[in-house]
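Student: Sharing a structure, written as structure tokens. Questions coming.
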Amino acid sequence: GSMEEIDYNDMPDLTTEEGRVEVAENGRVGFSDQYWMTALIPSPGRDFRSVARHTNDVYLIETVYPMVTVAAGASIDASTQFFAGAQEWEVIRGYQNDLGIDRFLDSIDWGWFFFLTKPIFWLLHTLHQFIGNMGWSIIALTVILKALVLPLAYKSYVSMAKMKELQPEMEKIKERTGDDRQKLQQEMMALYKKEKVNPASGCLPILLQIPIFFSLYKVIFVTLELRHAPWIGWITDLSAPDPSSILNLFGLLPYAVPELGMLSIISLGILPILLGISMWVQQKLNPAPTDPTQAMIFAWMPWVFMFMLGTFASGLVVYWIANNTITFTQQYLIMRSQGYKPDVFGNMFSGFKKKPAPDKK
């Protein structure tokens, strides 16, 4: 009734007793990674002992049936099924349903939020059957999920718009209270109560959306259908990083970019650059924070993410770009509906404005 997972780097430290598990009636044991699996599956209804150990750089698993006594002239049959191949959802589900292999689909790493990851994967699989292109299916899936959480996003963005309207009043309170933190908090709370604004209401919907985003990330990471799946133009494998590179001007210069190892992070493709731009534009819905430290962190964040996700699978980067674009559109329209008009272009160019010279008096 339970499933145990052991990391490869933990197997050398397993004791003899830790590597043995007595299994009743139904079970399986095997090795798996992102896309592939090998598994030993004893006949359903049979007890067995699962043995896992590591010796001389060899990882070994066994299924051991209980000892039996065979009478003279009699015979006993014992059978074990062996699976080796890709973790294709449809194939594994077929074996689970047709052969009665208990929870065989759980051999795929669904992550912590498996209760969300499984239905999201089914939806992506269904969209792919209709659309026929995994890249557009990822974008369609992102649109559907953003539509489902729109009520939460609406509440969050409305709260943010109201907080923006109160910003001038909040600045006056800060100037009036100075370093008196207690008085600052009291006057802030009085302002929130007067204007019927709950500053926490904008955070809760975002927190509720986090499990969905992590589940979608996991789905794209483990989906075998992304392997060698093309999208558009130069993106011929959504499971691999963007093959274009800024080091040869995205193919305009007549040479291929060599393998850079750890320095491949600087070989940015078109998709990671679009990701950084989409995050930067999304930030410009709001003015830069007045606190210099916060302003610096916010200013660097899109470009840090651009380099961090530059070596990720193209399918994941496509998801993040689509998510950022939809989020920007939702937030802009909702804030406009609340009477707050984001000065996107003004915020974009505010950092380039010449600062006034300090007063020398």
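Quick note on naming: the chains in the structure tokens go A, B, ... in the order shown, residues restart at 1 in each chain, and ligands are numbered from 1 in order of appearance.
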Using only C-alpha atoms, find each residue of range 121-200 of chain A with at least one atom at most 10 Å away from an atom of range 216-223 of chain A; report its shortest atom-to-atom pair and that distance in Å (one decimal), sort the rows by chain and rising residue number, and return the result as JSON lines.
Tutor:
```
{"residue": "A:Phe121", "atom": "CA", "partner": "A:Val219", "partner_atom": "CA", "distance": 5.7}
{"residue": "A:Trp122", "atom": "CA", "partner": "A:Val219", "partner_atom": "CA", "distance": 9.5}
{"residue": "A:Leu124", "atom": "CA", "partner": "A:Val219", "partner_atom": "CA", "distance": 8.5}
{"residue": "A:His125", "atom": "CA", "partner": "A:Thr223", "partner_atom": "CA", "distance": 9.1}
{"residue": "A:Ile138", "atom": "CA", "partner": "A:Ile220", "partner_atom": "CA", "distance": 8.2}
{"residue": "A:Leu141", "atom": "CA", "partner": "A:Leu216", "partner_atom": "CA", "distance": 9.0}
{"residue": "A:Thr142", "atom": "CA", "partner": "A:Leu216", "partner_atom": "CA", "distance": 8.5}
{"residue": "A:Leu145", "atom": "CA", "partner": "A:Leu216", "partner_atom": "CA", "distance": 9.1}
```
Student: Please provide the set of residues having any atom within 9 Å of Val318 in chain A, restricted to only C-alpha atoms, with same-chain residues fewer than 6 positions apart removed, written as a PyMOL selection string.
Tutor: chain A and resi 135+138-139+238+271-272+275
Student: Suppose we keep C-alpha atoms; can you now write the selection as a JSON list (two decimals), in the first residue's frame?
Tutor:
```
[["chain", "number", "residue", "atom", "x", "y", "z"],
["A", 135, "GLY", "CA", 4.54, 23.78, -28.49],
["A", 138, "ILE", "CA", 1.72, 24.03, -24.06],
["A", 139, "ILE", "CA", 0.52, 27.55, -24.88],
["A", 238, "LEU", "CA", 11.16, 21.09, -27.00],
["A", 271, "LEU", "CA", 13.58, 32.19, -26.32],
["A", 272, "PRO", "CA", 15.50, 32.99, -23.09],
["A", 275, "LEU", "CA", 11.62, 35.45, -21.48]]
```
Student: Can you tell me which residues surround Met301 in chain A at a distance of at most 12 Å, considering only C-alpha atoms, apart from same-chain residues fewer than 6 positions away, and format the answer as a PyMOL selection string?
Tutor: chain A and resi 275-283+294-295+307-308
Student: Print the selection's residues with N, CA and C atoms to a file, as a PDB file, in the first residue's frame.
Tutor:
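Okay, part18.pdb is ready:
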```pdb
ATOM      1  N   LEU A 275      12.080  35.652 -22.865  1.00  0.00           N
ATOM      2  CA  LEU A 275      11.619  35.451 -21.485  1.00  0.00           C
ATOM      3  C   LEU A 275      12.024  36.627 -20.602  1.00  0.00           C
ATOM      4  N   GLY A 276      13.296  37.043 -20.695  1.00  0.00           N
ATOM      5  CA  GLY A 276      13.763  38.181 -19.899  1.00  0.00           C
ATOM      6  C   GLY A 276      12.998  39.446 -20.217  1.00  0.00           C
ATOM      7  N   ILE A 277      12.743  39.678 -21.503  1.00  0.00           N
ATOM      8  CA  ILE A 277      12.008  40.880 -21.915  1.00  0.00           C
ATOM      9  C   ILE A 277      10.572  40.832 -21.381  1.00  0.00           C
ATOM     10  N   SER A 278       9.937  39.657 -21.448  1.00  0.00           N
ATOM     11  CA  SER A 278       8.551  39.538 -20.970  1.00  0.00           C
ATOM     12  C   SER A 278       8.465  39.796 -19.469  1.00  0.00           C
ATOM     13  N   MET A 279       9.444  39.323 -18.693  1.00  0.00           N
ATOM     14  CA  MET A 279       9.452  39.593 -17.253  1.00  0.00           C
ATOM     15  C   MET A 279       9.680  41.071 -16.976  1.00  0.00           C
ATOM     16  N   TRP A 280      10.579  41.688 -17.755  1.00  0.00           N
ATOM     17  CA  TRP A 280      10.893  43.106 -17.571  1.00  0.00           C
ATOM     18  C   TRP A 280       9.673  43.979 -17.884  1.00  0.00           C
ATOM     19  N   VAL A 281       8.977  43.679 -18.988  1.00  0.00           N
ATOM     20  CA  VAL A 281       7.782  44.448 -19.359  1.00  0.00           C
ATOM     21  C   VAL A 281       6.694  44.272 -18.308  1.00  0.00           C
ATOM     22  N   GLN A 282       6.545  43.032 -17.791  1.00  0.00           N
ATOM     23  CA  GLN A 282       5.541  42.789 -16.758  1.00  0.00           C
ATOM     24  C   GLN A 282       5.815  43.618 -15.511  1.00  0.00           C
ATOM     25  N   GLN A 283       7.089  43.777 -15.176  1.00  0.00           N
ATOM     26  CA  GLN A 283       7.458  44.599 -14.012  1.00  0.00           C
ATOM     27  C   GLN A 283       7.041  46.059 -14.190  1.00  0.00           C
ATOM     28  N   GLN A 294      15.466  47.372  -2.840  1.00  0.00           N
ATOM     29  CA  GLN A 294      14.386  46.678  -3.529  1.00  0.00           C
ATOM     30  C   GLN A 294      14.382  47.007  -5.022  1.00  0.00           C
ATOM     31  N   ALA A 295      14.620  48.266  -5.341  1.00  0.00           N
ATOM     32  CA  ALA A 295      14.637  48.674  -6.754  1.00  0.00           C
ATOM     33  C   ALA A 295      15.734  47.943  -7.521  1.00  0.00           C
ATOM     34  N   PHE A 307      19.169  34.281 -17.661  1.00  0.00           N
ATOM     35  CA  PHE A 307      20.365  33.433 -17.703  1.00  0.00           C
ATOM     36  C   PHE A 307      20.110  32.088 -17.027  1.00  0.00           C
ATOM     37  N   MET A 308      19.354  32.095 -15.930  1.00  0.00           N
ATOM     38  CA  MET A 308      19.082  30.850 -15.207  1.00  0.00           C
ATOM     39  C   MET A 308      18.304  29.861 -16.061  1.00  0.00           C
TER      40      MET A 308
END
```
Student: Could you name the residues that touch Lys341 in chain A at 10 Å or less, counting only C-alpha atoms, but leaving out those on the same chain fewer than 6 positions away, as a ChimeraX atom specification?
Tutor: /A:161,285-286,332-335
Student: Name the residues of range 18-188 of chain A that come out as strand (DSSP E or B) in a backbone DSSP run; write them as an mmCIF file with all heavy atoms, in the first residue's frame.
Tutor:
```
data_model
loop_
_atom_site.group_PDB
_atom_site.id
_atom_site.type_symbol
_atom_site.label_atom_id
_atom_site.label_comp_id
_atom_site.auth_asym_id
_atom_site.auth_seq_id
_atom_site.Cartn_x
_atom_site.Cartn_y
_atom_site.Cartn_z
ATOM 1 N N ARG A 20 16.254 -4.320 1.923
ATOM 2 C CA ARG A 20 15.260 -5.389 1.780
ATOM 3 C C ARG A 20 13.884 -4.894 2.213
ATOM 4 O O ARG A 20 13.746 -4.269 3.252
ATOM 5 C CB ARG A 20 15.639 -6.603 2.628
ATOM 6 C CG ARG A 20 16.910 -7.298 2.168
ATOM 7 C CD ARG A 20 17.125 -8.565 2.978
ATOM 8 N NE ARG A 20 18.316 -9.262 2.548
ATOM 9 C CZ ARG A 20 18.679 -10.470 2.991
ATOM 10 N NH1 ARG A 20 17.926 -11.075 3.898
ATOM 11 N NH2 ARG A 20 19.772 -11.044 2.551
ATOM 12 N N VAL A 21 12.897 -5.167 1.383
ATOM 13 C CA VAL A 21 11.515 -4.794 1.701
ATOM 14 C C VAL A 21 10.624 -6.003 1.431
ATOM 15 O O VAL A 21 10.656 -6.561 0.327
ATOM 16 C CB VAL A 21 11.030 -3.587 0.860
ATOM 17 C CG1 VAL A 21 9.585 -3.242 1.191
ATOM 18 C CG2 VAL A 21 11.935 -2.379 1.086
ATOM 19 N N GLU A 22 9.853 -6.408 2.430
ATOM 20 C CA GLU A 22 8.892 -7.495 2.253
ATOM 21 C C GLU A 22 7.609 -6.919 1.654
ATOM 22 O O GLU A 22 7.013 -5.987 2.207
ATOM 23 C CB GLU A 22 8.596 -8.171 3.593
ATOM 24 C CG GLU A 22 9.820 -8.787 4.260
ATOM 25 C CD GLU A 22 10.407 -9.957 3.479
ATOM 26 O OE1 GLU A 22 9.658 -10.567 2.680
ATOM 27 O OE2 GLU A 22 11.622 -10.241 3.637
ATOM 28 N N VAL A 23 7.196 -7.451 0.504
ATOM 29 C CA VAL A 23 6.048 -6.928 -0.229
ATOM 30 C C VAL A 23 4.941 -7.975 -0.227
ATOM 31 O O VAL A 23 5.188 -9.147 -0.534
ATOM 32 C CB VAL A 23 6.432 -6.563 -1.680
ATOM 33 C CG1 VAL A 23 5.239 -5.950 -2.409
ATOM 34 C CG2 VAL A 23 7.612 -5.609 -1.699
ATOM 35 N N VAL A 29 9.490 -3.289 -8.536
ATOM 36 C CA VAL A 29 10.737 -2.636 -8.160
ATOM 37 C C VAL A 29 11.507 -2.341 -9.435
ATOM 38 O O VAL A 29 11.472 -3.124 -10.396
ATOM 39 C CB VAL A 29 11.567 -3.512 -7.188
ATOM 40 C CG1 VAL A 29 11.880 -4.868 -7.808
ATOM 41 C CG2 VAL A 29 12.840 -2.811 -6.745
ATOM 42 N N GLY A 30 12.168 -1.205 -9.485
ATOM 43 C CA GLY A 30 12.870 -0.882 -10.721
ATOM 44 C C GLY A 30 13.696 0.383 -10.603
ATOM 45 O O GLY A 30 13.809 0.985 -9.533
ATOM 46 N N PHE A 31 14.290 0.752 -11.738
ATOM 47 C CA PHE A 31 15.078 1.983 -11.850
ATOM 48 C C PHE A 31 14.362 2.927 -12.815
ATOM 49 O O PHE A 31 13.812 2.491 -13.823
ATOM 50 C CB PHE A 31 16.477 1.695 -12.407
ATOM 51 C CG PHE A 31 17.338 0.877 -11.499
ATOM 52 C CD1 PHE A 31 17.660 -0.438 -11.818
ATOM 53 C CD2 PHE A 31 17.845 1.402 -10.324
ATOM 54 C CE1 PHE A 31 18.458 -1.196 -10.992
ATOM 55 C CE2 PHE A 31 18.646 0.653 -9.480
ATOM 56 C CZ PHE A 31 18.957 -0.655 -9.821
ATOM 57 N N SER A 32 14.380 4.214 -12.513
ATOM 58 C CA SER A 32 13.777 5.173 -13.434
ATOM 59 C C SER A 32 14.520 6.497 -13.363
ATOM 60 O O SER A 32 15.192 6.806 -12.384
ATOM 61 C CB SER A 32 12.286 5.387 -13.106
ATOM 62 O OG SER A 32 12.152 6.050 -11.868
ATOM 63 N N TRP A 36 13.010 7.301 -18.755
ATOM 64 C CA TRP A 36 13.157 5.870 -18.996
ATOM 65 C C TRP A 36 12.969 5.069 -17.711
ATOM 66 O O TRP A 36 13.170 5.580 -16.609
ATOM 67 C CB TRP A 36 14.541 5.578 -19.591
ATOM 68 C CG TRP A 36 14.909 6.532 -20.675
ATOM 69 C CD1 TRP A 36 15.756 7.592 -20.582
ATOM 70 C CD2 TRP A 36 14.407 6.561 -22.009
ATOM 71 N NE1 TRP A 36 15.824 8.267 -21.776
ATOM 72 C CE2 TRP A 36 15.010 7.657 -22.672
ATOM 73 C CE3 TRP A 36 13.519 5.750 -22.720
ATOM 74 C CZ2 TRP A 36 14.744 7.960 -23.996
ATOM 75 C CZ3 TRP A 36 13.259 6.066 -24.055
ATOM 76 C CH2 TRP A 36 13.869 7.166 -24.677
ATOM 77 N N MET A 37 12.648 3.781 -17.884
ATOM 78 C CA MET A 37 12.422 2.928 -16.715
ATOM 79 C C MET A 37 12.703 1.471 -17.058
ATOM 80 O O MET A 37 12.436 1.015 -18.174
ATOM 81 C CB MET A 37 10.974 3.066 -16.227
ATOM 82 C CG MET A 37 10.613 2.112 -15.095
ATOM 83 S SD MET A 37 8.956 2.403 -14.442
ATOM 84 C CE MET A 37 7.959 1.964 -15.870
ATOM 85 N N THR A 38 13.252 0.747 -16.093
ATOM 86 C CA THR A 38 13.278 -0.709 -16.109
ATOM 87 C C THR A 38 12.615 -1.167 -14.819
ATOM 88 O O THR A 38 12.843 -0.567 -13.764
ATOM 89 C CB THR A 38 14.712 -1.270 -16.187
ATOM 90 O OG1 THR A 38 15.452 -0.766 -15.069
ATOM 91 C CG2 THR A 38 15.393 -0.867 -17.480
ATOM 92 N N ALA A 39 11.797 -2.222 -14.895
ATOM 93 C CA ALA A 39 11.055 -2.655 -13.715
ATOM 94 C C ALA A 39 10.826 -4.159 -13.740
ATOM 95 O O ALA A 39 10.565 -4.745 -14.797
ATOM 96 C CB ALA A 39 9.711 -1.941 -13.632
ATOM 97 N N LEU A 40 10.936 -4.785 -12.569
ATOM 98 C CA LEU A 40 10.553 -6.181 -12.360
ATOM 99 C C LEU A 40 9.180 -6.185 -11.692
ATOM 100 O O LEU A 40 8.977 -5.521 -10.670
ATOM 101 C CB LEU A 40 11.565 -6.894 -11.467
ATOM 102 C CG LEU A 40 12.978 -7.071 -12.047
ATOM 103 C CD1 LEU A 40 13.929 -7.568 -10.963
ATOM 104 C CD2 LEU A 40 12.953 -8.046 -13.218
ATOM 105 N N ILE A 41 8.249 -6.956 -12.265
ATOM 106 C CA ILE A 41 6.872 -6.943 -11.782
ATOM 107 C C ILE A 41 6.428 -8.382 -11.545
ATOM 108 O O ILE A 41 6.060 -9.091 -12.498
ATOM 109 C CB ILE A 41 5.933 -6.260 -12.801
ATOM 110 C CG1 ILE A 41 6.496 -4.898 -13.213
ATOM 111 C CG2 ILE A 41 4.531 -6.111 -12.221
ATOM 112 C CD1 ILE A 41 5.975 -4.377 -14.515
ATOM 113 N N PRO A 42 6.478 -8.870 -10.312
ATOM 114 C CA PRO A 42 5.980 -10.221 -10.019
ATOM 115 C C PRO A 42 4.489 -10.339 -10.321
ATOM 116 O O PRO A 42 3.773 -9.342 -10.419
ATOM 117 C CB PRO A 42 6.254 -10.373 -8.518
ATOM 118 C CG PRO A 42 7.353 -9.406 -8.237
ATOM 119 C CD PRO A 42 7.105 -8.245 -9.146
ATOM 120 N N PHE A 48 6.575 -11.240 -2.193
ATOM 121 C CA PHE A 48 7.979 -11.365 -2.579
ATOM 122 C C PHE A 48 8.812 -10.407 -1.737
ATOM 123 O O PHE A 48 8.288 -9.560 -1.014
ATOM 124 C CB PHE A 48 8.177 -11.077 -4.078
ATOM 125 C CG PHE A 48 7.930 -9.650 -4.480
ATOM 126 C CD1 PHE A 48 8.971 -8.740 -4.586
ATOM 127 C CD2 PHE A 48 6.651 -9.199 -4.778
ATOM 128 C CE1 PHE A 48 8.763 -7.427 -4.957
ATOM 129 C CE2 PHE A 48 6.414 -7.884 -5.154
ATOM 130 C CZ PHE A 48 7.475 -7.006 -5.243
ATOM 131 N N ARG A 49 10.105 -10.566 -1.840
ATOM 132 C CA ARG A 49 11.034 -9.661 -1.163
ATOM 133 C C ARG A 49 11.749 -8.825 -2.224
ATOM 134 O O ARG A 49 12.300 -9.364 -3.184
ATOM 135 C CB ARG A 49 12.054 -10.444 -0.341
ATOM 136 C CG ARG A 49 13.116 -9.533 0.311
ATOM 137 C CD ARG A 49 14.238 -10.328 0.954
ATOM 138 N NE ARG A 49 13.723 -11.164 2.015
ATOM 139 C CZ ARG A 49 14.019 -12.455 2.164
ATOM 140 N NH1 ARG A 49 14.819 -13.045 1.302
ATOM 141 N NH2 ARG A 49 13.516 -13.144 3.163
ATOM 142 N N SER A 50 11.707 -7.522 -2.035
ATOM 143 C CA SER A 50 12.446 -6.612 -2.909
ATOM 144 C C SER A 50 13.822 -6.349 -2.303
ATOM 145 O O SER A 50 13.932 -6.012 -1.123
ATOM 146 C CB SER A 50 11.677 -5.297 -3.061
ATOM 147 O OG SER A 50 12.506 -4.290 -3.591
ATOM 148 N N VAL A 51 14.862 -6.511 -3.111
ATOM 149 C CA VAL A 51 16.235 -6.320 -2.645
ATOM 150 C C VAL A 51 16.909 -5.277 -3.534
ATOM 151 O O VAL A 51 16.886 -5.391 -4.761
ATOM 152 C CB VAL A 51 17.040 -7.638 -2.680
ATOM 153 C CG1 VAL A 51 18.460 -7.402 -2.194
ATOM 154 C CG2 VAL A 51 16.361 -8.704 -1.829
ATOM 155 N N ALA A 52 17.486 -4.270 -2.919
ATOM 156 C CA ALA A 52 18.223 -3.235 -3.647
ATOM 157 C C ALA A 52 19.595 -3.074 -3.011
ATOM 158 O O ALA A 52 19.706 -2.975 -1.786
ATOM 159 C CB ALA A 52 17.474 -1.904 -3.597
ATOM 160 N N ARG A 53 20.633 -3.109 -3.834
ATOM 161 C CA ARG A 53 21.977 -2.924 -3.284
ATOM 162 C C ARG A 53 22.914 -2.374 -4.356
ATOM 163 O O ARG A 53 22.606 -2.377 -5.551
ATOM 164 C CB ARG A 53 22.516 -4.227 -2.709
ATOM 165 C CG ARG A 53 22.715 -5.357 -3.691
ATOM 166 C CD ARG A 53 23.320 -6.565 -2.963
ATOM 167 N NE ARG A 53 23.631 -7.667 -3.858
ATOM 168 C CZ ARG A 53 22.809 -8.672 -4.094
ATOM 169 N NH1 ARG A 53 21.628 -8.708 -3.504
ATOM 170 N NH2 ARG A 53 23.159 -9.635 -4.916
ATOM 171 N N HIS A 54 24.069 -1.908 -3.881
ATOM 172 C CA HIS A 54 25.093 -1.313 -4.749
ATOM 173 C C HIS A 54 26.431 -1.944 -4.410
ATOM 174 O O HIS A 54 26.902 -1.858 -3.280
ATOM 175 C CB HIS A 54 25.132 0.201 -4.521
ATOM 176 C CG HIS A 54 26.239 0.895 -5.264
ATOM 177 N ND1 HIS A 54 27.504 1.049 -4.728
ATOM 178 C CD2 HIS A 54 26.264 1.471 -6.490
ATOM 179 C CE1 HIS A 54 28.260 1.699 -5.595
ATOM 180 N NE2 HIS A 54 27.535 1.976 -6.664
ATOM 181 N N THR A 55 27.038 -2.610 -5.378
ATOM 182 C CA THR A 55 28.346 -3.241 -5.175
ATOM 183 C C THR A 55 29.209 -3.037 -6.404
ATOM 184 O O THR A 55 28.755 -3.251 -7.534
ATOM 185 C CB THR A 55 28.200 -4.757 -4.909
ATOM 186 O OG1 THR A 55 27.450 -5.356 -5.977
ATOM 187 C CG2 THR A 55 27.501 -5.025 -3.587
ATOM 188 N N VAL A 58 27.972 -1.173 -9.341
ATOM 189 C CA VAL A 58 26.832 -1.782 -10.023
ATOM 190 C C VAL A 58 25.594 -1.608 -9.142
ATOM 191 O O VAL A 58 25.616 -1.956 -7.963
ATOM 192 C CB VAL A 58 27.075 -3.283 -10.297
ATOM 193 C CG1 VAL A 58 25.807 -3.904 -10.889
ATOM 194 C CG2 VAL A 58 28.246 -3.465 -11.249
ATOM 195 N N TYR A 59 24.534 -1.054 -9.726
ATOM 196 C CA TYR A 59 23.258 -0.914 -9.031
ATOM 197 C C TYR A 59 22.403 -2.138 -9.354
ATOM 198 O O TYR A 59 22.195 -2.455 -10.529
ATOM 199 C CB TYR A 59 22.535 0.359 -9.475
ATOM 200 C CG TYR A 59 23.261 1.631 -9.099
ATOM 201 C CD1 TYR A 59 24.240 2.173 -9.930
ATOM 202 C CD2 TYR A 59 22.969 2.292 -7.910
ATOM 203 C CE1 TYR A 59 24.905 3.341 -9.586
ATOM 204 C CE2 TYR A 59 23.617 3.454 -7.558
ATOM 205 C CZ TYR A 59 24.592 3.971 -8.398
ATOM 206 O OH TYR A 59 25.252 5.127 -8.052
ATOM 207 N N LEU A 60 21.919 -2.810 -8.321
ATOM 208 C CA LEU A 60 21.246 -4.091 -8.507
ATOM 209 C C LEU A 60 19.926 -4.125 -7.764
ATOM 210 O O LEU A 60 19.840 -3.679 -6.611
ATOM 211 C CB LEU A 60 22.145 -5.231 -7.998
ATOM 212 C CG LEU A 60 21.566 -6.641 -8.032
ATOM 213 C CD1 LEU A 60 21.389 -7.102 -9.465
ATOM 214 C CD2 LEU A 60 22.457 -7.602 -7.259
ATOM 215 N N ILE A 61 18.894 -4.635 -8.418
ATOM 216 C CA ILE A 61 17.612 -4.901 -7.757
ATOM 217 C C ILE A 61 17.211 -6.343 -8.055
ATOM 218 O O ILE A 61 17.517 -6.884 -9.125
ATOM 219 C CB ILE A 61 16.498 -3.941 -8.213
ATOM 220 C CG1 ILE A 61 16.380 -3.952 -9.739
ATOM 221 C CG2 ILE A 61 16.708 -2.543 -7.680
ATOM 222 C CD1 ILE A 61 15.158 -3.218 -10.241
ATOM 223 N N GLU A 62 16.508 -6.952 -7.092
ATOM 224 C CA GLU A 62 16.052 -8.331 -7.249
ATOM 225 C C GLU A 62 14.640 -8.470 -6.692
ATOM 226 O O GLU A 62 14.232 -7.717 -5.796
ATOM 227 C CB GLU A 62 16.959 -9.304 -6.485
ATOM 228 C CG GLU A 62 18.400 -9.324 -6.960
ATOM 229 C CD GLU A 62 19.270 -10.167 -6.042
ATOM 230 O OE1 GLU A 62 18.938 -10.304 -4.848
ATOM 231 O OE2 GLU A 62 20.285 -10.694 -6.544
ATOM 232 N N THR A 63 13.914 -9.429 -7.231
ATOM 233 C CA THR A 63 12.670 -9.875 -6.604
ATOM 234 C C THR A 63 12.876 -11.334 -6.213
ATOM 235 O O THR A 63 13.219 -12.162 -7.059
ATOM 236 C CB THR A 63 11.473 -9.758 -7.558
ATOM 237 O OG1 THR A 63 11.766 -10.451 -8.777
ATOM 238 C CG2 THR A 63 11.184 -8.302 -7.872
ATOM 239 N N VAL A 64 12.683 -11.618 -4.941
ATOM 240 C CA VAL A 64 12.915 -12.962 -4.411
ATOM 241 C C VAL A 64 11.591 -13.517 -3.897
ATOM 242 O O VAL A 64 10.978 -12.932 -2.994
ATOM 243 C CB VAL A 64 13.962 -12.936 -3.271
ATOM 244 C CG1 VAL A 64 14.241 -14.353 -2.775
ATOM 245 C CG2 VAL A 64 15.247 -12.263 -3.752
ATOM 246 N N THR A 80 7.688 -13.695 -13.646
ATOM 247 C CA THR A 80 7.918 -12.279 -13.366
ATOM 248 C C THR A 80 7.913 -11.522 -14.684
ATOM 249 O O THR A 80 8.536 -11.957 -15.656
ATOM 250 C CB THR A 80 9.263 -12.061 -12.648
ATOM 251 O OG1 THR A 80 9.258 -12.754 -11.406
ATOM 252 C CG2 THR A 80 9.514 -10.583 -12.395
ATOM 253 N N GLN A 81 7.213 -10.418 -14.710
ATOM 254 C CA GLN A 81 7.211 -9.578 -15.908
ATOM 255 C C GLN A 81 8.328 -8.543 -15.808
ATOM 256 O O GLN A 81 8.659 -8.071 -14.711
ATOM 257 C CB GLN A 81 5.850 -8.895 -16.062
ATOM 258 C CG GLN A 81 4.720 -9.870 -16.331
ATOM 259 C CD GLN A 81 3.357 -9.204 -16.260
ATOM 260 O OE1 GLN A 81 3.144 -8.326 -15.431
ATOM 261 N NE2 GLN A 81 2.436 -9.627 -17.103
ATOM 262 N N PHE A 82 8.870 -8.191 -16.967
ATOM 263 C CA PHE A 82 9.976 -7.220 -17.013
ATOM 264 C C PHE A 82 9.621 -6.123 -18.004
ATOM 265 O O PHE A 82 9.249 -6.403 -19.147
ATOM 266 C CB PHE A 82 11.259 -7.930 -17.438
ATOM 267 C CG PHE A 82 12.422 -7.001 -17.663
ATOM 268 C CD1 PHE A 82 12.962 -6.266 -16.611
ATOM 269 C CD2 PHE A 82 12.991 -6.859 -18.918
ATOM 270 C CE1 PHE A 82 14.034 -5.411 -16.809
ATOM 271 C CE2 PHE A 82 14.064 -6.005 -19.127
ATOM 272 C CZ PHE A 82 14.585 -5.286 -18.066
ATOM 273 N N PHE A 83 9.701 -4.882 -17.540
ATOM 274 C CA PHE A 83 9.452 -3.726 -18.409
ATOM 275 C C PHE A 83 10.752 -2.975 -18.604
ATOM 276 O O PHE A 83 11.478 -2.701 -17.645
ATOM 277 C CB PHE A 83 8.414 -2.785 -17.787
ATOM 278 C CG PHE A 83 8.194 -1.515 -18.576
ATOM 279 C CD1 PHE A 83 7.224 -1.450 -19.557
ATOM 280 C CD2 PHE A 83 8.967 -0.388 -18.352
ATOM 281 C CE1 PHE A 83 7.022 -0.289 -20.291
ATOM 282 C CE2 PHE A 83 8.789 0.777 -19.078
ATOM 283 C CZ PHE A 83 7.807 0.819 -20.053
ATOM 284 N N ALA A 84 11.056 -2.611 -19.845
ATOM 285 C CA ALA A 84 12.214 -1.760 -20.140
ATOM 286 C C ALA A 84 11.835 -0.841 -21.289
ATOM 287 O O ALA A 84 11.491 -1.316 -22.367
ATOM 288 C CB ALA A 84 13.432 -2.604 -20.503
ATOM 289 N N GLY A 85 11.880 0.453 -21.042
ATOM 290 C CA GLY A 85 11.542 1.363 -22.129
ATOM 291 C C GLY A 85 11.220 2.758 -21.639
ATOM 292 O O GLY A 85 11.495 3.118 -20.495
ATOM 293 N N ALA A 86 10.606 3.513 -22.533
ATOM 294 C CA ALA A 86 10.243 4.893 -22.219
ATOM 295 C C ALA A 86 8.984 4.918 -21.365
ATOM 296 O O ALA A 86 8.106 4.058 -21.492
ATOM 297 C CB ALA A 86 10.012 5.673 -23.511
#
```
Student: Just the residues within 8 Å of Leu247 in chain A, please, counting only C-alpha atoms, with nothing from its chain fewer than 2 positions along; format it as a PyMOL selection string.
Tutor: chain A and resi 245+249-250+257+267-268
Student: Can you spit out the residues from that selection as a short mmCIF file (atom, residue, chain, number, x, y, z; two decimals), in the first residue's frame, using N, CA and C atoms?
Tutor:
```
data_model
loop_
_atom_site.label_atom_id
_atom_site.label_comp_id
_atom_site.auth_asym_id
_atom_site.auth_seq_id
_atom_site.Cartn_x
_atom_site.Cartn_y
_atom_site.Cartn_z
N SER A 245 21.95 30.98 -30.63
CA SER A 245 22.92 31.56 -29.70
C SER A 245 23.23 33.00 -30.09
N LEU A 249 25.15 35.58 -33.35
CA LEU A 249 24.03 36.43 -33.78
C LEU A 249 22.89 35.58 -34.34
N PHE A 250 22.58 34.50 -33.59
CA PHE A 250 21.46 33.61 -33.90
C PHE A 250 21.54 33.04 -35.31
N VAL A 257 28.56 27.61 -32.64
CA VAL A 257 29.07 27.90 -31.31
C VAL A 257 29.59 26.61 -30.69
N SER A 267 25.62 31.63 -23.58
CA SER A 267 25.21 31.42 -24.97
C SER A 267 23.69 31.46 -25.06
N LEU A 268 23.13 32.63 -24.88
CA LEU A 268 21.68 32.77 -24.80
C LEU A 268 21.04 32.60 -26.17
#
```
Student: Contacts of Gly111 in chain A at 8 Å or less, counting only C-alpha atoms, minus same-chain residues fewer than 3 places along, as a PyMOL selection string?
Tutor: chain A and resi 114+117+215+218
Student: Mind pulling up the distance from CA of Pro44 in chain A to CA of Ala71 in chain A?
Tutor: 24.5 Å
Student: Would you give me, as a PyMOL selection string, the residues in range 49-264 of chain A that DSSP reads as alpha helix (DSSP H)?
Tutor: chain A and resi 89-99+114-131+134-148+150-165+167-177+181-195+203-222
Student: Distance CA of Asp47 in chain A-CA of Ala24 in chain A, one decimal place?
Tutor: 4.5 Å
Student: Enter the distance from CA of Asp237 in chain A to CA of Gly315 in chain A, in Å, rounded to one decimal.
Tutor: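 Pair CA of Asp237 in chain A / CA of Gly315 in chain A returns 8.5 Å.
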